[in-house]
Amino acid sequence: MYLQRIRILAQFDLFHSIFRLKGLVFLIPVLFFWYWILKLLLENGARHLVSTESLMITSYLFNPEIAKTLLILHPASLSVYFIIALGTTPFFVMLAGNDMLASDAGRQAFRYLLIRCTRAEIFLGRFISSYCLVSGTVILIGILATLISLNNDNHARIETIEYALQVTLLVLLYTLPFVAYMSVISAFMSSALSALLTGAFVYVLLMIAGAYLNRYLPVDISLVPSGIKDYLYNIKPDDLGTALTGLLAYMLIYACLGWLIFRRRNI
């Protein structure tokens, strides 16, 4: 396995995705969605975000401690961006990763690449390309949210920038296991549409199965990465450690499963 070949494969697929349907299926919805969210943050300002009504809604959706930590102790605009980013990550990653491997595997186009590189290099190149496509938009939107926060929120500049870096990094890490999840689905399916629909269906099925198992098990478990989302809000001292360990475990499990499927498939 050569890193240079992986880089070339990832770079080519990324540039190919940006200007073709494969990437536009992701870029158009995500940019349109965040345009309106950032527009609302810019126009409403911090005063509305830390109002009694906002705190009540956040307390209802999460708990009072999370509402206080996110909307009062930290820049409110960035906290709202953080909450929405974590909530929408599964859907947008499914759009970005549905054609990671599916279409080319279904057309058996990878056989031409196998003359010059290995299956592992193809798999890693496509994985890195899909992750870079998502992470690029996360960083761009994070920068815009930071600028809005510097303009609207009544927090020190250094504090705002440090919190923005933390939030963006956590969203990037949260994205990894979902890209790995889509590598499993895309390696198994033969078209982008079928991978997208199957990915959404299996994800919902895993959520329901996890909730069912929790009724009979002494400890809470989650079959999908979103189950540890609340730990990323860093309410307790050990929350981030638990979250990062869980994200790494999900990523390794999904990525290994995706590789096993892709390695055995006729491409």
# chains A, B, ... in the order shown; residues from 1 in each chain; ligands from 1
>>> closest_atom_pairs(of="stretch 156-220 of chain A", to="stretch 244-264 of chain A", cutoff="6 Å", atoms="only C-alpha atoms", output="Markdown table")
| residue | atom | partner | partner_atom | distance |
| --- | --- | --- | --- | --- |
| A:Pro177 | CA | A:Met251 | CA | 4.0 |
| A:Ala180 | CA | A:Ala255 | CA | 4.8 |
| A:Tyr181 | CA | A:Tyr254 | CA | 5.2 |
| A:Ser183 | CA | A:Gly258 | CA | 5.3 |
| A:Val184 | CA | A:Gly258 | CA | 3.8 |
| A:Ala187 | CA | A:Phe262 | CA | 5.2 |
>>> atom_distance(atom1="atom CA of A:Phe110", atom2="atom CA of A:Arg265")
10.9 Å
>>> closest_residue(among="A:Ser194, A:Thr88, A:Ser149, A:Gln11", to="A:Leu71", atoms="only C-alpha atoms")
A:Ser149
>>> select_by_dssp(residues="stretch 174-220 of chain A", states="alpha helix (DSSP H)", output="ChimeraX atom specification")
/A:174-188,192-214
>>> atom_distance(atom1="atom CA of A:Leu240", atom2="atom CA of A:Ser77")
21.1 Å
>>> residues_around(residues="stretch 169-171 of chain A", least_positions_apart="4", cutoff="10 Å", atoms="only C-alpha atoms", output="list in words")
Phe82, Ile83, Ala85, Leu86, Thr89, Ser135, Val138, Ile139, Gly142, Tyr163, Ala164, Leu165, Thr175, Leu176, Leu232, Tyr233, Leu240, Ala243 and Leu244 of chain A
>>> atom_distance(atom1="atom CA of A:Asn98", atom2="atom CA of A:Ala211")
25.4 Å
>>> residues_around(residues="stretch 220-229 of chain A", least_positions_apart="3", cutoff="6 Å", atoms="only C-alpha atoms", output="PyMOL selection string")
chain A and resi 206+210+214+232
>>> write_last_selection(atoms="N, CA and C atoms", output="compact mmCIF listing (two decimals), in the first residue's frame")
# COMPACT_ATOMS: atom_id res chain seq x y z
N LEU A 206 -31.52 0.57 13.24
CA LEU A 206 -30.55 0.42 14.32
C LEU A 206 -30.93 1.26 15.54
N GLY A 210 -31.70 -0.40 19.09
CA GLY A 210 -30.98 0.04 20.28
C GLY A 210 -31.91 0.45 21.40
N ASN A 214 -32.35 -1.44 25.12
CA ASN A 214 -32.15 -0.70 26.37
C ASN A 214 -33.24 -0.98 27.39
N LEU A 232 -20.86 15.02 23.88
CA LEU A 232 -20.04 16.03 23.22
C LEU A 232 -20.30 17.43 23.76
>>> residues_around(residues="A:Tyr81", least_positions_apart="5", cutoff="9 Å", atoms="only C-alpha atoms", output="VMD selection string")
chain A and resid 37 to 38 41 76 86 141 to 142 145 167
>>> closest_residue(among="A:Asp230, A:Tyr174, A:Val93, A:Arg107", to="A:Leu70", atoms="only C-alpha atoms")
A:Asp230
>>> residues_around(residues="stretch 114-127 of chain A", least_positions_apart="3", cutoff="7 Å", atoms="only C-alpha atoms", output="PyMOL selection string")
chain A and resi 1+5-7+9-10+13+100+110-111+130-131+263
>>> write_last_selection(atoms="N, CA, C and O atoms", output="JSON list (two decimals), in the first residue's frame")
[["chain", "number", "residue", "atom", "x", "y", "z"],
["A", 1, "MET", "N", 0.85, -1.19, 0.00],
["A", 1, "MET", "CA", 0.00, 0.00, 0.00],
["A", 1, "MET", "C", 0.89, 1.25, 0.00],
["A", 1, "MET", "O", 1.78, 1.38, 0.83],
["A", 5, "ARG", "N", -0.42, 6.81, -3.78],
["A", 5, "ARG", "CA", -1.56, 6.35, -4.59],
["A", 5, "ARG", "C", -2.88, 6.64, -3.90],
["A", 5, "ARG", "O", -3.87, 7.01, -4.55],
["A", 6, "ILE", "N", -2.93, 6.48, -2.57],
["A", 6, "ILE", "CA", -4.14, 6.81, -1.83],
["A", 6, "ILE", "C", -4.45, 8.30, -1.98],
["A", 6, "ILE", "O", -5.61, 8.69, -2.18],
["A", 7, "ARG", "N", -3.43, 9.13, -1.87],
["A", 7, "ARG", "CA", -3.63, 10.58, -2.02],
["A", 7, "ARG", "C", -4.14, 10.93, -3.40],
["A", 7, "ARG", "O", -5.07, 11.74, -3.54],
["A", 9, "LEU", "N", -5.81, 8.98, -5.52],
["A", 9, "LEU", "CA", -7.18, 8.50, -5.64],
["A", 9, "LEU", "C", -8.17, 9.40, -4.91],
["A", 9, "LEU", "O", -9.24, 9.72, -5.42],
["A", 10, "ALA", "N", -7.81, 9.81, -3.69],
["A", 10, "ALA", "CA", -8.69, 10.67, -2.90],
["A", 10, "ALA", "C", -8.83, 12.04, -3.55],
["A", 10, "ALA", "O", -9.94, 12.59, -3.62],
["A", 13, "ASP", "N", -11.01, 11.79, -6.78],
["A", 13, "ASP", "CA", -12.43, 11.57, -6.48],
["A", 13, "ASP", "C", -13.06, 12.80, -5.85],
["A", 13, "ASP", "O", -14.22, 13.12, -6.13],
["A", 100, "MET", "N", -19.97, 6.57, -2.35],
["A", 100, "MET", "CA", -18.56, 6.39, -2.05],
["A", 100, "MET", "C", -17.98, 5.25, -2.89],
["A", 100, "MET", "O", -16.89, 5.36, -3.46],
["A", 110, "PHE", "N", -14.10, -0.59, -11.02],
["A", 110, "PHE", "CA", -12.88, -0.61, -10.23],
["A", 110, "PHE", "C", -11.83, -1.57, -10.80],
["A", 110, "PHE", "O", -10.66, -1.49, -10.45],
["A", 111, "ARG", "N", -12.25, -2.48, -11.68],
["A", 111, "ARG", "CA", -11.30, -3.45, -12.22],
["A", 111, "ARG", "C", -10.19, -2.75, -13.01],
["A", 111, "ARG", "O", -9.07, -3.26, -13.12],
["A", 130, "SER", "N", -14.60, 11.19, 0.67],
["A", 130, "SER", "CA", -15.92, 11.50, 1.23],
["A", 130, "SER", "C", -15.81, 12.31, 2.51],
["A", 130, "SER", "O", -16.58, 13.25, 2.73],
["A", 131, "TYR", "N", -14.84, 11.95, 3.35],
["A", 131, "TYR", "CA", -14.67, 12.69, 4.59],
["A", 131, "TYR", "C", -14.21, 14.12, 4.32],
["A", 131, "TYR", "O", -14.68, 15.06, 4.97],
["A", 263, "ARG", "N", -13.76, -5.97, 0.22],
["A", 263, "ARG", "CA", -12.68, -6.88, -0.14],
["A", 263, "ARG", "C", -13.23, -8.14, -0.80],
["A", 263, "ARG", "O", -12.59, -8.72, -1.70]]
>>> closest_residue(among="A:Ile161, A:Phe19, A:Val179, A:Ile128", to="A:Phe92", atoms="only C-alpha atoms")
A:Val179
>>> closest_residue(among="A:Leu14, A:Leu95, A:Leu27, A:Leu140", to="A:Leu197", atoms="only C-alpha atoms")
A:Leu95
>>> residues_around(residues="A:Thr198", least_positions_apart="4", cutoff="9 Å", atoms="only C-alpha atoms", output="JSON, numbers by chain")
{"A": [185, 189, 193, 194, 202, 203]}
>>> write_last_selection(atoms="C-alpha atoms", output="PDB file, in the first residue's frame")
ATOM      1  CA  ILE A 185     -23.716   0.608   2.969  1.00  0.00           C
ATOM      2  CA  MET A 189     -25.031  -1.633  -2.707  1.00  0.00           C
ATOM      3  CA  LEU A 193     -29.832   5.902  -4.747  1.00  0.00           C
ATOM      4  CA  SER A 194     -30.133   2.424  -3.300  1.00  0.00           C
ATOM      5  CA  VAL A 202     -30.835   0.732   8.305  1.00  0.00           C
ATOM      6  CA  TYR A 203     -29.929   3.747  10.449  1.00  0.00           C
TER       7      TYR A 203
END
>>> decode(residues="stretch 171-199 of chain A", atoms="N, CA, C and O atoms", output="compact mmCIF listing (two decimals), in the first residue's frame")
# COMPACT_ATOMS: atom_id res chain seq x y z
N VAL A 171 -17.33 18.51 15.81
CA VAL A 171 -18.21 18.15 14.69
C VAL A 171 -17.44 17.32 13.66
O VAL A 171 -17.97 16.35 13.12
N LEU A 172 -16.18 17.68 13.41
CA LEU A 172 -15.36 16.91 12.48
C LEU A 172 -15.15 15.48 12.98
O LEU A 172 -15.22 14.52 12.21
N LEU A 173 -14.90 15.33 14.27
CA LEU A 173 -14.73 13.99 14.84
C LEU A 173 -16.04 13.21 14.82
O LEU A 173 -16.05 12.00 14.58
N TYR A 174 -17.15 13.90 15.07
CA TYR A 174 -18.46 13.26 15.07
C TYR A 174 -18.82 12.75 13.68
O TYR A 174 -19.57 11.77 13.53
N THR A 175 -18.27 13.40 12.65
CA THR A 175 -18.56 13.03 11.27
C THR A 175 -17.90 11.70 10.88
O THR A 175 -18.45 10.93 10.07
N LEU A 176 -16.74 11.40 11.45
CA LEU A 176 -15.96 10.22 11.05
C LEU A 176 -16.75 8.90 11.10
O LEU A 176 -16.74 8.15 10.12
N PRO A 177 -17.39 8.56 12.22
CA PRO A 177 -18.09 7.26 12.25
C PRO A 177 -19.25 7.19 11.27
O PRO A 177 -19.60 6.09 10.81
N PHE A 178 -19.86 8.32 10.93
CA PHE A 178 -20.95 8.29 9.96
C PHE A 178 -20.42 8.04 8.55
O PHE A 178 -21.08 7.35 7.74
N VAL A 179 -19.25 8.60 8.23
CA VAL A 179 -18.62 8.28 6.95
C VAL A 179 -18.27 6.80 6.90
O VAL A 179 -18.47 6.13 5.88
N ALA A 180 -17.77 6.26 8.02
CA ALA A 180 -17.47 4.83 8.08
C ALA A 180 -18.74 4.00 7.93
O ALA A 180 -18.73 2.95 7.27
N TYR A 181 -19.84 4.46 8.53
CA TYR A 181 -21.12 3.76 8.39
C TYR A 181 -21.54 3.70 6.93
O TYR A 181 -21.98 2.65 6.43
N MET A 182 -21.39 4.83 6.22
CA MET A 182 -21.79 4.85 4.81
C MET A 182 -20.84 4.02 3.95
O MET A 182 -21.23 3.56 2.87
N SER A 183 -19.61 3.79 4.41
CA SER A 183 -18.72 2.91 3.65
C SER A 183 -19.25 1.48 3.65
O SER A 183 -19.08 0.74 2.68
N VAL A 184 -19.89 1.08 4.74
CA VAL A 184 -20.51 -0.25 4.81
C VAL A 184 -21.65 -0.35 3.81
O VAL A 184 -21.73 -1.29 3.01
N ILE A 185 -22.54 0.63 3.84
CA ILE A 185 -23.72 0.61 2.97
C ILE A 185 -23.30 0.72 1.51
O ILE A 185 -23.79 -0.03 0.64
N SER A 186 -22.40 1.65 1.21
CA SER A 186 -21.99 1.87 -0.18
C SER A 186 -21.20 0.69 -0.74
O SER A 186 -21.29 0.40 -1.93
N ALA A 187 -20.45 0.00 0.12
CA ALA A 187 -19.70 -1.18 -0.34
C ALA A 187 -20.63 -2.34 -0.67
O ALA A 187 -20.29 -3.20 -1.49
N PHE A 188 -21.80 -2.34 -0.07
CA PHE A 188 -22.74 -3.44 -0.24
C PHE A 188 -23.69 -3.21 -1.42
O PHE A 188 -24.10 -4.17 -2.08
N MET A 189 -24.04 -1.94 -1.69
CA MET A 189 -25.03 -1.63 -2.71
C MET A 189 -24.38 -1.39 -4.07
O MET A 189 -23.16 -1.29 -4.18
N SER A 190 -25.23 -1.29 -5.11
CA SER A 190 -24.73 -1.15 -6.48
C SER A 190 -25.15 0.15 -7.14
O SER A 190 -24.87 0.35 -8.32
N SER A 191 -25.81 1.03 -6.42
CA SER A 191 -26.16 2.35 -6.97
C SER A 191 -26.24 3.35 -5.85
O SER A 191 -26.46 2.99 -4.68
N ALA A 192 -26.06 4.63 -6.19
CA ALA A 192 -26.06 5.68 -5.18
C ALA A 192 -27.42 5.82 -4.51
O ALA A 192 -27.53 5.98 -3.30
N LEU A 193 -28.49 5.75 -5.31
CA LEU A 193 -29.83 5.90 -4.75
C LEU A 193 -30.17 4.77 -3.79
O LEU A 193 -30.71 5.01 -2.70
N SER A 194 -29.85 3.55 -4.18
CA SER A 194 -30.13 2.42 -3.30
C SER A 194 -29.30 2.51 -2.02
O SER A 194 -29.77 2.15 -0.94
N ALA A 195 -28.06 3.01 -2.12
CA ALA A 195 -27.23 3.17 -0.94
C ALA A 195 -27.81 4.23 -0.01
O ALA A 195 -27.80 4.07 1.22
N LEU A 196 -28.31 5.33 -0.58
CA LEU A 196 -28.91 6.39 0.23
C LEU A 196 -30.15 5.90 0.96
O LEU A 196 -30.28 6.10 2.18
N LEU A 197 -31.04 5.24 0.24
CA LEU A 197 -32.27 4.75 0.86
C LEU A 197 -31.98 3.66 1.88
O LEU A 197 -32.57 3.65 2.98
N THR A 198 -31.09 2.76 1.55
CA THR A 198 -30.74 1.69 2.47
C THR A 198 -30.05 2.23 3.71
O THR A 198 -30.31 1.78 4.83
N GLY A 199 -29.17 3.22 3.51
CA GLY A 199 -28.47 3.82 4.65
C GLY A 199 -29.44 4.45 5.62
O GLY A 199 -29.32 4.28 6.84
